[in-house]
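Here's the structure, in structure tokens; my notes come after.
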Number of protein chains: 2
Amino acid sequence: MAWNKVAVVGGGLIKFGELFEQSYEQMASGAFDAAVASVDKGFDPQLVEAAFVATQRGTLWGQEGIGGNTVPTAIGLAGIPCTRVENACPSGSDAFRVGAMAVASGVHDVVLVIGVEKMRDKSGDEGLLARAAAGHPVYTRGETAPVLFAPFATRHMHEFGTTREMLASVAVKNHFNGARNPNAHFKNEITIEDALKSAPVCHPLHLLDCCPQTDGAAAVLLVNPDRVAEFTDDPVFVAGFGVATDHPYLHEKNTFTGLRATTMAAERAYKMAGVEPGQIDCAEVHDCFTITEILDIEDLGFVEKGKGGVASLEGETAITGRIPVNTSGGLLAKGHPIGATGVAQIVECWLQLRGQAEERQAEIRNGFALQHNVGGRGSGVSVINILTTNR
Amino acid sequence: MAWNKVAVVGGGLIKFGELFEQSYEQMASGAFDAAVASVDKGFDPQLVEAAFVATQRGTLWGQEGIGGNTVPTAIGLAGIPCTRVENACPSGSDAFRVGAMAVASGVHDVVLVIGVEKMRDKSGDEGLLARAAAGHPVYTRGETAPVLFAPFATRHMHEFGTTREMLASVAVKNHFNGARNPNAHFKNEITIEDALKSAPVCHPLHLLDCCPQTDGAAAVLLVNPDRVAEFTDDPVFVAGFGVATDHPYLHEKNTFTGLRATTMAAERAYKMAGVEPGQIDCAEVHDCFTITEILDIEDLGFVEKGKGGVASLEGETAITGRIPVNTSGGLLAKGHPIGATGVAQIVECWLQLRGQAEERQAEIRNGFALQHNVGGRGSGVSVINILTTNR
């Protein structure tokens, strides 16, 4: 049985990419306009009673980190309550959960969840320098994101015989899907050979195993289900969610073949939604690196532990496969504007469940889609939301 | 009628001050322990189902800005969902509101709201430099916080005859109160003469018109009211809250004699709680500067617009006055560790309503206490929570 207290009636995003020509506020405005335009029966922006803004690196990337109170003016809604939600890479998915709880609490009938991240205005060096200057206990030692995930890849290879080809197959699939998504950052198809031959970053991860740094924004509109008929005859509901934290540092991990935060979050989300992994029709999962998607599909219960690489290579996660994963192109091809990522994944799930994903459309049988992010220094947090067409 | 869906059963803080010897995690842990110890019938920490962490300047002040997923491990609760909420100076009060909605949504029965801020490890210069480097559109032009509030003071003086003595009387009262609060940063009483003679910062604000930069942490425990008897026979309830945003920049303001975000937030909070300003027994309001408290007590409806200075000088807001304001010592004396501030104000309201404020105890007649913060570049957001003993 779905939790069934909150409906999604609109969702949209701007085209992700290097958006030097757009300010943070312009990006937010574009995503909000796209969400408003997506509502079947029309939507008066003034109906929004409260907003939750996901931005992860406000200060670091050239904004102030106080999006909560600057976004309303930018999108024409000065005055409304607006709160910034941050939870590392799952910031957008957690803002969605918080927005859903705000509706379910009975305090607000119509809530906007918007994710915005500007990542390209600062060079990587400046970003890294800023982190180092802030006394970051991991980055100051050179442990950037690829370094944090590479040990999971080498261990997965060692334990389960996963190969670089299997990793590459994830990048190939997600670029194939991204090429069919008008809002993706990268729209070029690649081959396994391309991925294998791309520049090494941190063994065994090469350039095409890594997601890009992307500017982007995405927005969704949540409403009290009692009012859903004002907006659409084809709603999607929040079936459930799950969040879990884990010890944040790598040296505290007890395994490198899975992400414990995801396993725990999945158990909670499936329980709340009252579904099994096998009932999920399609999923957007956190593929910051190819290995991450392989870990995800195992930790989410879509494939057996250790079989994620083989399943990817054999096409089980393709749009036409048993469990389509990252039909949007994922972080690898659509891009990863941190705060916007989770919200954009929700938009993809919403489109899929409504049969509006065009060339990327998966087969919807049970009416459930799952959205997932993992993040933090060493995968210290995982957030999962499950959407459904079943009221 | 109170909103009545959420109860506060515990609250505590660490002694605010310059806490070079404590890490961010240690401060969080100390506040959590204090909240747990405060619960009348005892509290098993493992009952916490989810947490919301308020930290405003994670990156800037030497942490990573991902408190959401590092705090659980630090306080012995690795695994629980934990989300960072940020909304400029009202971050703590907004985290409280979000935590209350999480309980009211039915998703969680027991929620921790914790505010933590480390502000003294970096020098002001480094802080300012970090802001400048991040391309901040206001601070890069030298407009630090005193500069943002001084025009409100000069305009209030011009329109209403408010004097520097009236401003100083706010600092004198709050230091008097702070000297009676074991957890205050400053515990020295001062005279009007001291305040008038203190070093000029930005006319008409002198040093003692300004709150300090403080390290601190505070925590409260929220529960489903159906379970309140497990924890206490003397609960306090969330009666209502209100949040409003305003155009963030000073050049967009249409008045300098009040803060519009506060007026709007107050209207919403009073409506939700079903009370009038005259029914509030005591209040913790945002006195980042003496002029701010004067604006607050007017904008919150405690005194007529323009009379805030006179009311302060005449003792109307003293512990023994008509409407006791900032019995804790306020930001001016207790200190202003940004994310912790709103949560600590909630703790003070909770103590007052339960008659546990000792030397600082106000007379509680109607059973309502109000907590308020305003913040952002140019007072772009205001958050108000109203607590009550009335079920």
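Chain identifiers are assigned as A, B, and so on, following the order in which chains appear in the structure tokens; residues are numbered from 1 within each chain, and ligands are numbered from 1 in order of appearance.
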Neighbours of chain A in chain B at 6 Å, counting only C-alpha atoms, as a ChimeraX atom specification: /B:62,66,68-69,73,78-81,83-88,101-102,104-105,134-135,243-247,380-381
Please identify all polymer residues within 7 Å of Phe231 of chain B, counting only C-alpha atoms, omitting same-chain residues fewer than 2 positions from it, and present them as a PDB file with N, CA and C atoms, in the first residue's frame.
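Printed below is selection13.pdb as written:
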ATOM      1  N   VAL B   9       9.702  17.456  24.398  1.00  0.00           N
ATOM      2  CA  VAL B   9       9.870  16.762  25.688  1.00  0.00           C
ATOM      3  C   VAL B   9      11.274  16.895  26.266  1.00  0.00           C
ATOM      4  N   VAL B  39      15.083  15.125  29.847  1.00  0.00           N
ATOM      5  CA  VAL B  39      13.748  14.516  29.730  1.00  0.00           C
ATOM      6  C   VAL B  39      13.303  13.977  31.094  1.00  0.00           C
ATOM      7  N   ASP B  40      12.133  14.411  31.538  1.00  0.00           N
ATOM      8  CA  ASP B  40      11.684  14.134  32.911  1.00  0.00           C
ATOM      9  C   ASP B  40      11.737  12.654  33.295  1.00  0.00           C
ATOM     10  N   LYS B  41      11.224  11.801  32.413  1.00  0.00           N
ATOM     11  CA  LYS B  41      11.137  10.377  32.760  1.00  0.00           C
ATOM     12  C   LYS B  41      12.265   9.562  32.144  1.00  0.00           C
ATOM     13  N   GLY B  42      13.315  10.220  31.708  1.00  0.00           N
ATOM     14  CA  GLY B  42      14.423   9.519  31.070  1.00  0.00           C
ATOM     15  C   GLY B  42      14.162   9.313  29.588  1.00  0.00           C
ATOM     16  N   PHE B  43      15.253   9.138  28.828  1.00  0.00           N
ATOM     17  CA  PHE B  43      15.122   9.041  27.373  1.00  0.00           C
ATOM     18  C   PHE B  43      16.224   8.141  26.844  1.00  0.00           C
ATOM     19  N   VAL B 228       3.503  11.261  24.436  1.00  0.00           N
ATOM     20  CA  VAL B 228       4.169  12.199  25.327  1.00  0.00           C
ATOM     21  C   VAL B 228       4.301  11.660  26.751  1.00  0.00           C
ATOM     22  N   ALA B 229       3.317  10.866  27.205  1.00  0.00           N
ATOM     23  CA  ALA B 229       3.336  10.382  28.591  1.00  0.00           C
ATOM     24  C   ALA B 229       4.509   9.450  28.877  1.00  0.00           C
TER      25      ALA B 229
END
Shortest interatomic distance to Asn177 of chain A - which of A:Asn366, A:Thr327, A:Gln22, A:Asn390, counting only C-alpha atoms: A:Thr327
Secondary structure check, strand (DSSP E) residues of segment 90-124 of chain A, as a VMD selection string: chain A and resid 110 to 117
Atoms kept (N, CA and C atoms) for selection, written as a CSV table (one decimal), in the first residue's frame:
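Dumped to result-v9.csv:
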chain,number,residue,atom,x,y,z
A,110,VAL,N,0.3,22.9,-1.2
A,110,VAL,CA,1.0,23.0,-2.4
A,110,VAL,C,2.5,23.4,-2.1
A,111,VAL,N,3.4,22.5,-2.4
A,111,VAL,CA,4.8,22.8,-2.1
A,111,VAL,C,5.7,22.6,-3.3
A,112,LEU,N,6.6,23.5,-3.5
A,112,LEU,CA,7.6,23.4,-4.6
A,112,LEU,C,8.9,22.8,-4.0
A,113,VAL,N,9.5,21.9,-4.7
A,113,VAL,CA,10.8,21.4,-4.4
A,113,VAL,C,11.7,21.7,-5.6
A,114,ILE,N,12.8,22.4,-5.3
A,114,ILE,CA,13.6,22.9,-6.4
A,114,ILE,C,15.1,22.6,-6.1
A,115,GLY,N,15.8,22.1,-7.0
A,115,GLY,CA,17.2,21.8,-6.8
A,115,GLY,C,18.0,22.7,-7.8
A,116,VAL,N,19.0,23.4,-7.3
A,116,VAL,CA,19.8,24.2,-8.2
A,116,VAL,C,21.3,24.1,-7.8
A,117,GLU,N,22.2,23.9,-8.8
A,117,GLU,CA,23.6,23.9,-8.5
A,117,GLU,C,24.4,24.5,-9.6
Test item: residues at most 12 Å from His206 of chain A, only C-alpha atoms, excluding those fewer than 3 positions along its chain, as a list in words: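 In the requested form, the answer reads Pro146, Val147, Phe149, Ala150, Ala153, Arg164, Glu165, Leu167, Ala168, Ala171, Ile192, Glu193, Asp194, Ala195, Leu196, Lys197, Ser198, Ala199, Pro200, Val201, Cys202, His203, Asp209, Cys210, Cys211, Phe289, Thr290 and Ile291 of chain A.
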Neighbour list for segment 318-326 of chain A as a list of chain:residue names, cut-off 6 Å, only C-alpha atoms, skip fewer than 4 positions in-chain: A:Cys282, A:Ala283, A:Glu284, A:Gly330, A:Ala362
Near-Gly12 of chain A list (8 Å; only C-alpha atoms; drop same-chain fewer than 3 positions) as a PyMOL selection string: chain A and resi 31-36+38+218-220+344+347
Residue nearest Lys15 of chain A - candidates A:Glu49, A:Asp287, A:Asp215, A:Glu298, atoms counted: only C-alpha atoms: A:Asp215
